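So this one's my_file14.cif, mmCIF, C-alpha atoms:
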data_target
loop_
_atom_site.group_PDB
_atom_site.id
_atom_site.type_symbol
_atom_site.label_atom_id
_atom_site.label_comp_id
_atom_site.auth_asym_id
_atom_site.auth_seq_id
_atom_site.Cartn_x
_atom_site.Cartn_y
_atom_site.Cartn_z
ATOM 1 C CA MET A 1 44.941 139.958 116.556
ATOM 2 C CA VAL A 2 48.308 141.365 116.440
ATOM 3 C CA VAL A 3 51.137 138.888 116.672
ATOM 4 C CA SER A 4 54.239 140.369 118.003
ATOM 5 C CA THR A 5 57.506 138.693 117.183
ATOM 6 C CA PRO A 6 60.246 139.006 119.613
ATOM 7 C CA SER A 7 63.181 141.069 118.359
ATOM 8 C CA VAL A 8 66.388 139.122 118.284
ATOM 9 C CA GLN A 9 69.391 141.066 119.417
ATOM 10 C CA PRO A 10 72.800 140.072 118.176
ATOM 11 C CA GLY A 11 74.874 138.421 120.772
ATOM 12 C CA PRO A 12 78.435 139.020 121.482
ATOM 13 C CA SER A 13 79.625 135.907 119.619
ATOM 14 C CA SER A 14 78.160 136.987 116.286
ATOM 15 C CA THR A 15 79.589 140.441 116.575
ATOM 16 C CA THR A 16 83.062 139.028 117.218
ATOM 17 C CA THR A 17 82.963 136.764 114.146
ATOM 18 C CA VAL A 18 81.924 139.660 111.918
ATOM 19 C CA ARG A 19 84.655 141.797 113.309
ATOM 20 C CA LYS A 20 87.252 139.065 112.714
ATOM 21 C CA ASN A 21 86.160 138.622 109.120
ATOM 22 C CA ARG A 22 86.339 142.308 108.568
ATOM 23 C CA ARG A 23 89.812 142.395 109.999
ATOM 24 C CA LYS A 24 90.923 139.577 107.677
ATOM 25 C CA ILE A 25 89.452 141.306 104.650
ATOM 26 C CA THR A 26 91.034 144.591 105.607
ATOM 27 C CA ARG A 27 94.344 142.829 106.120
ATOM 28 C CA LYS A 28 94.144 141.218 102.626
ATOM 29 C CA SER A 29 92.679 144.090 100.680
ATOM 30 C CA GLY A 30 93.750 146.969 102.824
ATOM 31 C CA LEU A 31 97.479 146.654 101.838
ATOM 32 C CA PRO A 32 98.611 149.349 99.464
ATOM 33 C CA PRO A 33 99.469 148.039 95.866
ATOM 34 C CA LYS A 34 103.145 147.698 94.965
ATOM 35 C CA PRO A 35 104.541 149.799 92.166
ATOM 36 C CA ALA A 36 105.313 148.137 88.746
ATOM 37 C CA ALA A 37 109.066 148.586 89.024
ATOM 38 C CA GLN A 38 109.160 146.832 92.369
ATOM 39 C CA GLN A 39 107.066 143.981 91.000
ATOM 40 C CA ASN A 40 109.527 143.517 88.109
ATOM 41 C CA THR A 41 112.486 143.484 90.495
ATOM 42 C CA ASP A 42 110.748 140.901 92.640
ATOM 43 C CA GLU A 43 110.100 138.697 89.580
ATOM 44 C CA ASP A 44 113.754 139.027 88.493
ATOM 45 C CA GLN A 45 114.892 138.101 91.955
ATOM 46 C CA GLU A 46 112.668 135.035 91.875
ATOM 47 C CA MET A 47 114.059 134.039 88.458
ATOM 48 C CA ASN A 48 117.577 134.519 89.754
ATOM 49 C CA ASP A 49 116.730 132.373 92.736
ATOM 50 C CA VAL A 50 115.498 129.675 90.337
ATOM 51 C CA GLU A 51 118.508 129.966 88.026
ATOM 52 C CA GLY A 52 120.987 130.052 90.852
ATOM 53 C CA PRO A 53 121.611 126.306 91.157
ATOM 54 C CA THR A 54 122.024 125.828 87.356
ATOM 55 C CA SER A 55 124.605 128.592 87.171
ATOM 56 C CA ASN A 56 126.421 127.034 90.084
ATOM 57 C CA ILE A 57 126.474 123.667 88.224
ATOM 58 C CA THR A 58 127.966 125.235 85.084
ATOM 59 C CA ASP A 59 130.594 127.011 87.153
ATOM 60 C CA GLN A 60 131.498 123.725 88.789
ATOM 61 C CA LEU A 61 131.804 122.015 85.365
ATOM 62 C CA VAL A 62 134.101 124.762 84.077
ATOM 63 C CA GLU A 63 136.231 124.487 87.200
ATOM 64 C CA THR A 64 136.477 120.692 86.854
ATOM 65 C CA GLN A 65 137.499 121.001 83.182
ATOM 66 C CA ALA A 66 140.150 123.535 84.096
ATOM 67 C CA ASP A 67 141.397 121.198 86.799
ATOM 68 C CA ASP A 68 141.527 118.320 84.276
ATOM 69 C CA ASP A 69 143.534 120.469 81.845
ATOM 70 C CA GLU A 70 145.929 121.393 84.605
ATOM 71 C CA LEU A 71 146.264 117.729 85.512
ATOM 72 C CA LEU A 72 146.990 116.772 81.897
ATOM 73 C CA ILE A 73 149.563 119.491 81.573
ATOM 74 C CA ASP A 74 151.124 118.550 84.884
ATOM 75 C CA VAL A 75 151.232 114.840 84.017
ATOM 76 C CA ASP A 76 153.125 115.312 80.695
ATOM 77 C CA PRO A 77 155.189 118.495 80.995
ATOM 78 C CA LEU A 78 157.109 119.734 77.948
ATOM 79 C CA GLU A 79 160.712 120.297 78.644
ATOM 80 C CA THR A 80 162.396 123.037 76.695
ATOM 81 C CA THR A 81 165.242 121.341 74.834
ATOM 82 C CA ALA A 82 167.615 122.541 72.185
ATOM 83 C CA ALA A 83 167.686 121.338 68.542
ATOM 84 C CA PRO A 84 168.443 117.608 68.135
ATOM 85 C CA ALA A 85 172.079 116.854 67.478
ATOM 86 C CA PHE A 86 172.745 113.975 65.075
ATOM 87 C CA PRO A 87 176.194 112.547 64.362
ATOM 88 C CA PRO A 88 177.625 113.345 60.897
ATOM 89 C CA LEU A 89 177.136 110.784 58.129
ATOM 90 C CA ALA A 90 179.951 108.731 56.762
ATOM 91 C CA PRO A 91 181.362 109.786 53.357
ATOM 92 C CA GLY A 92 179.710 106.916 51.453
ATOM 93 C CA ALA A 93 176.515 106.620 53.496
ATOM 94 C CA GLY A 94 174.394 108.733 51.142
ATOM 95 C CA THR A 95 175.036 106.575 48.075
ATOM 96 C CA THR A 96 172.807 103.518 47.758
ATOM 97 C CA ARG A 97 174.513 100.372 46.587
ATOM 98 C CA LEU A 98 172.796 98.171 44.058
ATOM 99 C CA LYS A 99 172.468 94.486 44.773
ATOM 100 C CA SER A 100 174.620 92.248 42.628
ATOM 101 C CA GLU A 101 172.457 90.919 39.786
ATOM 102 C CA THR A 102 173.464 88.415 37.139
ATOM 103 C CA ARG A 103 172.100 87.899 33.644
ATOM 104 C CA ARG A 104 172.830 85.136 31.126
ATOM 105 C CA ILE A 105 172.309 85.801 27.427
ATOM 106 C CA PRO A 106 172.230 82.628 25.275
ATOM 107 C CA ILE A 107 174.204 82.701 22.016
ATOM 108 C CA PRO A 108 173.163 80.593 18.979
ATOM 109 C CA PRO A 109 175.764 78.088 17.761
ATOM 110 C CA HIS A 110 176.306 79.880 14.427
ATOM 111 C CA ARG A 111 177.109 83.142 16.281
ATOM 112 C CA MET A 112 179.775 81.767 18.601
ATOM 113 C CA THR A 113 182.598 82.152 16.054
ATOM 114 C CA PRO A 114 181.747 85.800 15.246
ATOM 115 C CA LEU A 115 181.405 86.442 18.996
ATOM 116 C CA LYS A 116 184.940 85.205 19.621
ATOM 117 C CA LYS A 117 186.289 87.408 16.822
ATOM 118 C CA ASP A 118 184.475 90.553 18.022
ATOM 119 C CA TRP A 119 184.807 89.865 21.762
ATOM 120 C CA ILE A 120 187.125 92.843 22.329
ATOM 121 C CA ASN A 121 184.593 95.192 20.728
ATOM 122 C CA ILE A 122 181.756 93.674 22.753
ATOM 123 C CA PHE A 123 183.023 93.585 26.330
ATOM 124 C CA GLY A 124 184.682 97.031 26.019
ATOM 125 C CA PRO A 125 181.425 99.074 25.891
ATOM 126 C CA LEU A 126 179.833 96.865 28.546
ATOM 127 C CA THR A 127 182.621 97.516 31.059
ATOM 128 C CA GLU A 128 183.442 101.135 30.168
ATOM 129 C CA ILE A 129 180.003 102.627 29.454
ATOM 130 C CA LEU A 130 177.807 100.527 31.775
ATOM 131 C CA GLY A 131 180.343 99.409 34.401
ATOM 132 C CA LEU A 132 179.350 95.731 34.229
ATOM 133 C CA GLN A 133 181.438 92.622 34.773
ATOM 134 C CA VAL A 134 181.229 90.366 31.699
ATOM 135 C CA ARG A 135 182.538 86.964 30.793
ATOM 136 C CA MET A 136 181.943 84.464 27.977
ATOM 137 C CA ASN A 137 180.949 80.961 29.046
ATOM 138 C CA VAL A 138 181.978 78.689 26.174
ATOM 139 C CA GLN A 139 180.585 75.503 27.698
ATOM 140 C CA ARG A 140 177.093 76.890 28.184
ATOM 141 C CA ARG A 141 177.327 79.019 25.034
ATOM 142 C CA CYS A 142 176.202 82.196 26.742
ATOM 143 C CA VAL A 143 177.483 85.567 27.886
ATOM 144 C CA GLU A 144 177.221 86.265 31.606
ATOM 145 C CA ALA A 145 177.018 89.813 32.948
ATOM 146 C CA ARG A 146 176.581 91.147 36.460
ATOM 147 C CA THR A 147 176.556 94.485 38.240
ATOM 148 C CA SER A 148 179.515 95.805 40.226
ATOM 149 C CA LYS A 149 180.460 98.776 42.395
ATOM 150 C CA GLU A 150 181.101 100.877 39.287
ATOM 151 C CA THR A 151 177.549 100.295 38.011
ATOM 152 C CA LYS A 152 175.631 103.564 38.439
ATOM 153 C CA ASP A 153 172.535 103.118 36.278
ATOM 154 C CA ILE A 154 169.760 100.822 37.493
ATOM 155 C CA GLY A 155 168.927 99.705 33.941
ATOM 156 C CA ALA A 156 172.539 99.059 32.966
ATOM 157 C CA LEU A 157 172.144 95.289 33.152
ATOM 158 C CA GLN A 158 169.089 95.336 30.892
ATOM 159 C CA LYS A 159 170.845 97.559 28.363
ATOM 160 C CA GLY A 160 173.833 95.228 28.338
ATOM 161 C CA ALA A 161 171.561 92.215 27.797
ATOM 162 C CA ASP A 162 169.829 93.956 24.877
ATOM 163 C CA PHE A 163 173.219 94.821 23.355
ATOM 164 C CA VAL A 164 174.457 91.212 23.463
ATOM 165 C CA LYS A 165 171.082 89.912 22.276
ATOM 166 C CA ALA A 166 171.157 92.276 19.290
ATOM 167 C CA TYR A 167 174.590 90.967 18.328
ATOM 168 C CA ALA A 168 173.389 87.376 18.766
ATOM 169 C CA LEU A 169 170.474 88.064 16.388
ATOM 170 C CA GLY A 170 172.891 89.177 13.674
ATOM 171 C CA PHE A 171 173.247 92.973 14.005
ATOM 172 C CA ASP A 172 176.633 94.608 13.590
ATOM 173 C CA VAL A 173 178.552 95.672 16.696
ATOM 174 C CA ASN A 174 178.517 99.351 15.676
ATOM 175 C CA ASP A 175 174.730 99.239 15.217
ATOM 176 C CA ALA A 176 174.163 97.380 18.481
ATOM 177 C CA ILE A 177 176.196 99.960 20.473
ATOM 178 C CA ALA A 178 173.403 102.455 19.748
ATOM 179 C CA LEU A 179 171.238 100.508 22.210
ATOM 180 C CA LEU A 180 173.648 101.501 24.988
ATOM 181 C CA ARG A 181 173.733 105.196 24.143
ATOM 182 C CA LEU A 182 170.087 105.827 23.199
ATOM 183 C CA ASP A 183 167.051 105.075 25.329
ATOM 184 C CA ASP A 184 164.311 104.970 22.663
ATOM 185 C CA LEU A 185 165.645 102.055 20.612
ATOM 186 C CA TYR A 186 163.941 98.670 20.620
ATOM 187 C CA LEU A 187 164.132 95.245 18.993
ATOM 188 C CA ASP A 188 161.222 93.667 17.122
ATOM 189 C CA SER A 189 161.203 90.137 15.692
ATOM 190 C CA PHE A 190 158.607 88.224 13.700
ATOM 191 C CA GLU A 191 158.425 85.423 11.167
ATOM 192 C CA ILE A 192 157.024 85.326 7.663
ATOM 193 C CA LYS A 193 154.465 82.688 8.637
ATOM 194 C CA ASP A 194 153.050 85.145 11.179
ATOM 195 C CA VAL A 195 151.942 87.317 8.256
ATOM 196 C CA LYS A 196 151.023 84.689 5.690
ATOM 197 C CA THR A 197 151.423 80.929 5.565
ATOM 198 C CA LEU A 198 153.820 80.251 2.681
ATOM 199 C CA GLN A 199 155.655 77.079 1.757
ATOM 200 C CA GLY A 200 158.262 75.996 -0.762
ATOM 201 C CA ASP A 201 159.001 78.364 -3.637
ATOM 202 C CA HIS A 202 156.395 80.874 -2.466
ATOM 203 C CA LEU A 203 158.324 81.314 0.800
ATOM 204 C CA SER A 204 161.662 81.702 -0.969
ATOM 205 C CA ARG A 205 160.190 84.270 -3.388
ATOM 206 C CA ALA A 206 158.817 86.262 -0.423
ATOM 207 C CA ILE A 207 162.286 86.320 1.170
ATOM 208 C CA GLY A 208 163.734 87.401 -2.189
ATOM 209 C CA ARG A 209 161.214 90.276 -2.460
ATOM 210 C CA ILE A 210 162.211 91.532 0.989
ATOM 211 C CA ALA A 211 165.943 91.376 0.288
ATOM 212 C CA GLY A 212 165.852 92.530 -3.340
ATOM 213 C CA GLN A 213 168.672 92.240 -5.835
ATOM 214 C CA ASP A 214 171.967 92.473 -3.919
ATOM 215 C CA GLY A 215 169.995 93.617 -0.861
ATOM 216 C CA LYS A 216 168.731 96.773 -2.565
ATOM 217 C CA THR A 217 165.174 96.610 -1.223
ATOM 218 C CA LYS A 218 166.341 95.949 2.340
ATOM 219 C CA PHE A 219 168.772 98.880 2.249
ATOM 220 C CA THR A 220 166.074 101.154 0.843
ATOM 221 C CA ILE A 221 163.674 100.260 3.672
ATOM 222 C CA GLU A 222 166.448 100.803 6.240
ATOM 223 C CA ASN A 223 167.388 104.235 4.905
ATOM 224 C CA ALA A 224 163.788 105.395 4.509
ATOM 225 C CA SER A 225 162.649 104.257 7.950
ATOM 226 C CA ARG A 226 165.969 104.852 9.776
ATOM 227 C CA THR A 227 166.116 101.304 11.091
ATOM 228 C CA ARG A 228 168.338 98.235 10.802
ATOM 229 C CA ILE A 229 166.927 94.974 9.437
ATOM 230 C CA VAL A 230 168.312 91.433 9.661
ATOM 231 C CA LEU A 231 166.970 88.613 7.495
ATOM 232 C CA ALA A 232 167.710 85.270 9.158
ATOM 233 C CA ASP A 233 165.991 82.631 7.027
ATOM 234 C CA THR A 234 162.249 83.048 7.749
ATOM 235 C CA LYS A 235 162.808 85.342 10.761
ATOM 236 C CA ILE A 236 163.020 89.127 10.459
ATOM 237 C CA HIS A 237 164.591 91.337 13.143
ATOM 238 C CA ILE A 238 164.184 95.131 13.184
ATOM 239 C CA MET A 239 166.019 97.596 15.428
ATOM 240 C CA GLY A 240 164.962 101.234 15.802
ATOM 241 C CA SER A 241 162.499 103.549 17.502
ATOM 242 C CA PHE A 242 158.871 102.564 17.959
ATOM 243 C CA GLN A 243 157.512 104.671 15.100
ATOM 244 C CA ASN A 244 160.311 103.729 12.701
ATOM 245 C CA ILE A 245 159.876 100.039 13.454
ATOM 246 C CA LYS A 246 156.211 100.328 12.531
ATOM 247 C CA ILE A 247 157.056 101.941 9.174
ATOM 248 C CA ALA A 248 159.624 99.259 8.288
ATOM 249 C CA ARG A 249 157.311 96.447 9.420
ATOM 250 C CA ASP A 250 154.439 97.730 7.272
ATOM 251 C CA ALA A 251 156.701 97.846 4.231
ATOM 252 C CA ILE A 252 157.982 94.301 4.822
ATOM 253 C CA VAL A 253 154.459 92.972 5.419
ATOM 254 C CA SER A 254 153.268 94.475 2.130
ATOM 255 C CA LEU A 255 156.173 92.768 0.333
ATOM 256 C CA ILE A 256 155.323 89.432 1.934
ATOM 257 C CA LEU A 257 151.695 89.752 0.865
ATOM 258 C CA GLY A 258 152.823 90.164 -2.774
ATOM 259 C CA SER A 259 152.999 93.936 -3.392
ATOM 260 C CA PRO A 260 155.501 94.927 -6.089
ATOM 261 C CA PRO A 261 158.651 96.691 -4.853
ATOM 262 C CA GLY A 262 157.870 99.834 -6.856
ATOM 263 C CA LYS A 263 154.632 100.379 -4.962
ATOM 264 C CA VAL A 264 156.438 99.884 -1.665
ATOM 265 C CA TYR A 265 159.115 102.412 -2.703
ATOM 266 C CA ALA A 266 156.438 105.011 -3.480
ATOM 267 C CA GLY A 267 154.896 104.510 -0.043
ATOM 268 C CA LEU A 268 158.296 104.847 1.628
ATOM 269 C CA ARG A 269 158.973 108.102 -0.257
ATOM 270 C CA THR A 270 155.762 109.677 1.028
ATOM 271 C CA VAL A 271 156.469 108.486 4.560
ATOM 272 C CA SER A 272 160.056 109.786 4.491
ATOM 273 C CA SER A 273 158.908 113.177 3.180
ATOM 274 C CA ARG A 274 156.371 113.436 6.017
ATOM 275 C CA MET A 275 159.067 112.557 8.541
ATOM 276 C CA ARG A 276 161.308 115.300 7.172
ATOM 277 C CA GLN A 277 158.508 117.853 7.402
ATOM 278 C CA ARG A 278 157.827 116.873 11.015
ATOM 279 C CA ALA A 279 161.525 117.173 11.817
ATOM 280 C CA LEU A 280 161.566 120.716 10.447
#
Using structure tokens, write down the structure that the file contains.
Amino acid sequence: MVVSTPSVQPGPSSTTTVRKNRRKITRKSGLPPKPAAQQNTDEDQEMNDVEGPTSNITDQLVETQADDDELLIDVDPLETTAAPAFPPLAPGAGTTRLKSETRRIPIPPHRMTPLKKDWINIFGPLTEILGLQVRMNVQRRCVEARTSKETKDIGALQKGADFVKAYALGFDVNDAIALLRLDDLYLDSFEIKDVKTLQGDHLSRAIGRIAGQDGKTKFTIENASRTRIVLADTKIHIMGSFQNIKIARDAIVSLILGSPPGKVYAGLRTVSSRMRQRAL
């Protein structure tokens, strides 16, 4: 037997769907491809469209900053003025006046009589060289000095006090005046017991070794070290420069410790020769 299958003919609905699909495909794939240059321009335009708002924000920030600067400048404007005009100074305005300072220098009782005798030679340099006002207070046994309008040096009062103190310790007036004229002179004082504890005859023999016969040893030390020495019982005062005071003090200390004067003289000769070589 032959079975015959009926042939199915496509209806109008199926044909229309196929045609629509074909039209969609042709619409999607049937467009001609764009050239590469046009694609690049389209991508750049898209990037510009994306970057557009950010660039606008930066422009707005710059404009706001410029507006702020203009506001600051407008708030505090600088007026063009000429050079400042100050009134002229008074004739004595540039000179600074020192405050009035007072100093009291005590005088030992045994130096009051020599002070009265040499008072003319003492207050003359203080008033003429330093420009101080000086007076002697007999009741308090001291010399009072203070600055005045004629005082020009700041250290004048200290120099005057050192001058009077040197005279009170026993130095001559002519030697003490060197403290007013030279800046590198000092006073040094010590006692024999500071070097070595001596009592009785041992102490008197030590003082005799320092002074020497008729003061020969003391004068030799002074001339070799270019200093001035005062022996006041057990106290020793030296006036001179720092280095010279050290030389004289070493010589006196060696005499106190018992060194013979001849050995001390030999040491002073070597030191004086070295000082001469350095001076040359």
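Of the residues under consideration (A:Gln199, A:Thr127, A:Ser273, A:Gln139), A:Thr127 shows the shortest atom-to-atom contact distance to Thr151 of chain A when counting only C-alpha atoms.
Using only C-alpha atoms for every distance, the candidate list A:Lys149, A:Ala224, A:Pro88, A:Pro109 yields A:Ala224 as the residue closest to Thr270 of chain A.
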Quiz item: Hey, which of A:Gly215, A:Pro125, A:Pro91, A:Gly160 ends up closest to Ile105 of chain A? Count only C-alpha atoms.
Solution: A:Gly160
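Nearest to Phe242 of chain A of all the residues A:Tyr186, A:Ala161, A:Arg209, A:Tyr265 is A:Tyr186, counting all atoms listed in the file.
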Practice problem: Give me, please, the distance in Å between atom CA of Met275 of chain A and atom CA of Met239 of chain A, quoted to one decimal. | Solution: 17.9 Å
Exercise. Specify as an MDAnalysis selection string each residue included when the PyMOL selection byres ((chain A and resi 225) around 12) is applied to this file.
Key: chainID A and resid 218:224 226:229 238:252 265 267:276
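Between atom CA of Asp194 of chain A and atom CA of Ile236 of chain A the separation is 10.8 Å.
Note that the spacing between atom CA of Glu128 of chain A and atom CA of Ile107 of chain A amounts to 22.2 Å.
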Practice problem: Using all atoms listed in the file, find the one residue out of A:Ile256, A:Ala266, A:Val138, A:Ile177 that sits nearest to Thr113 of chain A. | Solution: A:Val138
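Nearest-residue note for Lys159 of chain A: choosing from A:Lys193, A:Ile120, A:Ala82, A:Arg146, the minimum distance belongs to A:Arg146, counting all atoms listed in the file.
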Quiz item: Where does the PyMOL selection byres ((chain A and resi 142) around 7) land in this file, that is, which residues does it pick, as a PyMOL selection string?
Solution: chain A and resi 104-107+136-138+140-141+143-144
Practice problem: Please provide the set of residues having any atom within 10 Å of Thr217 of chain A, restricted to all atoms listed in the file, with same-chain residues fewer than 6 positions apart removed, written as a VMD selection string. | Solution: chain A and resid 208 to 211 252 255 261 to 262 264 to 265
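Residues selected in this file by the PyMOL selection byres ((chain A and resi 124) around 12) comprise Asp118, Trp119, Ile120, Asn121, Ile122, Phe123, Pro125, Leu126, Thr127, Glu128, Ile129, Leu130, Gly131, Leu132, Gln133, Val134, Arg135, Gly160, Phe163, Val173, Ile177 and Leu180 of chain A.
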Practice problem: Using all atoms listed in the file, determine which residues lie at most 12 Å from Gly170 of chain A, disregarding the query and same-chain residues fewer than 4 positions distant; provide the list as a list in words. | Solution: Ile107, Pro108, His110, Arg111, Met112, Pro114, Leu115, Phe163, Val164, Lys165, Ala166, Asn174, Asp175, Ala176, Leu187, Ser189, Arg228, Ile229, Val230, Leu231, Ala232, Asp233, Lys235, Ile236, His237, Ile238 and Met239 of chain A
Quick one: segment 226-235 of chain A with all heavy atoms, as a CSV table (one decimal), in the first residue's frame?
chain,number,residue,atom,x,y,z
A,226,ARG,N,107.5,91.9,85.2
A,226,ARG,CA,106.8,93.2,84.8
A,226,ARG,C,105.5,93.3,85.6
A,226,ARG,O,104.4,93.6,85.0
A,226,ARG,CB,106.5,93.2,83.3
A,226,ARG,CG,107.8,93.3,82.5
A,226,ARG,CD,107.5,93.3,81.0
A,226,ARG,NE,108.7,93.2,80.2
A,226,ARG,CZ,108.8,93.1,78.9
A,226,ARG,NH1,107.6,93.1,78.2
A,226,ARG,NH2,109.9,93.1,78.3
A,227,THR,N,105.6,93.1,86.9
A,227,THR,CA,104.4,93.3,87.8
A,227,THR,C,104.8,94.2,89.0
A,227,THR,O,105.9,94.6,89.1
A,227,THR,CB,103.9,91.9,88.3
A,227,THR,OG1,105.0,91.3,89.0
A,227,THR,CG2,103.4,91.0,87.2
A,228,ARG,N,103.8,94.4,89.8
A,228,ARG,CA,104.0,95.1,91.1
A,228,ARG,C,103.4,94.2,92.2
A,228,ARG,O,102.3,93.7,92.1
A,228,ARG,CB,103.3,96.5,91.1
A,228,ARG,CG,103.9,97.5,90.2
A,228,ARG,CD,105.3,97.9,90.6
A,228,ARG,NE,106.0,98.8,89.7
A,228,ARG,CZ,106.8,98.5,88.7
A,228,ARG,NH1,107.0,97.2,88.5
A,228,ARG,NH2,107.3,99.4,88.0
A,229,ILE,N,104.2,94.1,93.3
A,229,ILE,CA,103.9,93.2,94.3
A,229,ILE,C,103.9,93.9,95.6
A,229,ILE,O,104.7,94.8,95.9
A,229,ILE,CB,105.0,92.0,94.4
A,229,ILE,CG1,105.0,91.2,93.1
A,229,ILE,CG2,104.6,91.1,95.6
A,229,ILE,CD1,106.1,90.2,93.1
A,230,VAL,N,102.9,93.6,96.5
A,230,VAL,CA,102.7,94.2,97.8
A,230,VAL,C,102.7,93.1,98.8
A,230,VAL,O,101.9,92.2,98.7
A,230,VAL,CB,101.5,95.1,97.9
A,230,VAL,CG1,101.2,95.5,99.3
A,230,VAL,CG2,101.6,96.3,97.0
A,231,LEU,N,103.6,93.2,99.8
A,231,LEU,CA,103.6,92.2,100.9
A,231,LEU,C,102.9,92.9,102.1
A,231,LEU,O,103.5,93.8,102.7
A,231,LEU,CB,105.0,91.8,101.3
A,231,LEU,CG,105.7,90.9,100.3
A,231,LEU,CD1,107.2,90.7,100.7
A,231,LEU,CD2,105.0,89.6,100.2
A,232,ALA,N,101.8,92.5,102.5
A,232,ALA,CA,101.0,93.0,103.6
A,232,ALA,C,100.8,91.9,104.6
A,232,ALA,O,99.8,91.1,104.6
A,232,ALA,CB,99.7,93.6,103.2
A,233,ASP,N,101.8,91.7,105.5
A,233,ASP,CA,101.8,90.6,106.5
A,233,ASP,C,101.8,89.3,105.8
A,233,ASP,O,102.7,89.0,105.0
A,233,ASP,CB,100.7,90.8,107.5
A,233,ASP,CG,100.8,90.0,108.8
A,233,ASP,OD1,101.9,89.5,109.0
A,233,ASP,OD2,99.8,89.9,109.5
A,234,THR,N,100.8,88.5,106.0
A,234,THR,CA,100.7,87.2,105.3
A,234,THR,C,100.0,87.2,104.0
A,234,THR,O,99.9,86.2,103.3
A,234,THR,CB,100.0,86.2,106.2
A,234,THR,OG1,98.7,86.6,106.5
A,234,THR,CG2,100.7,86.0,107.6
A,235,LYS,N,99.5,88.4,103.6
A,235,LYS,CA,98.8,88.5,102.3
A,235,LYS,C,99.7,89.1,101.3
A,235,LYS,O,100.6,90.0,101.5
A,235,LYS,CB,97.6,89.5,102.5
A,235,LYS,CG,96.5,88.9,103.4
A,235,LYS,CD,95.3,89.8,103.5
A,235,LYS,CE,94.2,89.3,104.4
A,235,LYS,NZ,93.1,90.2,104.5
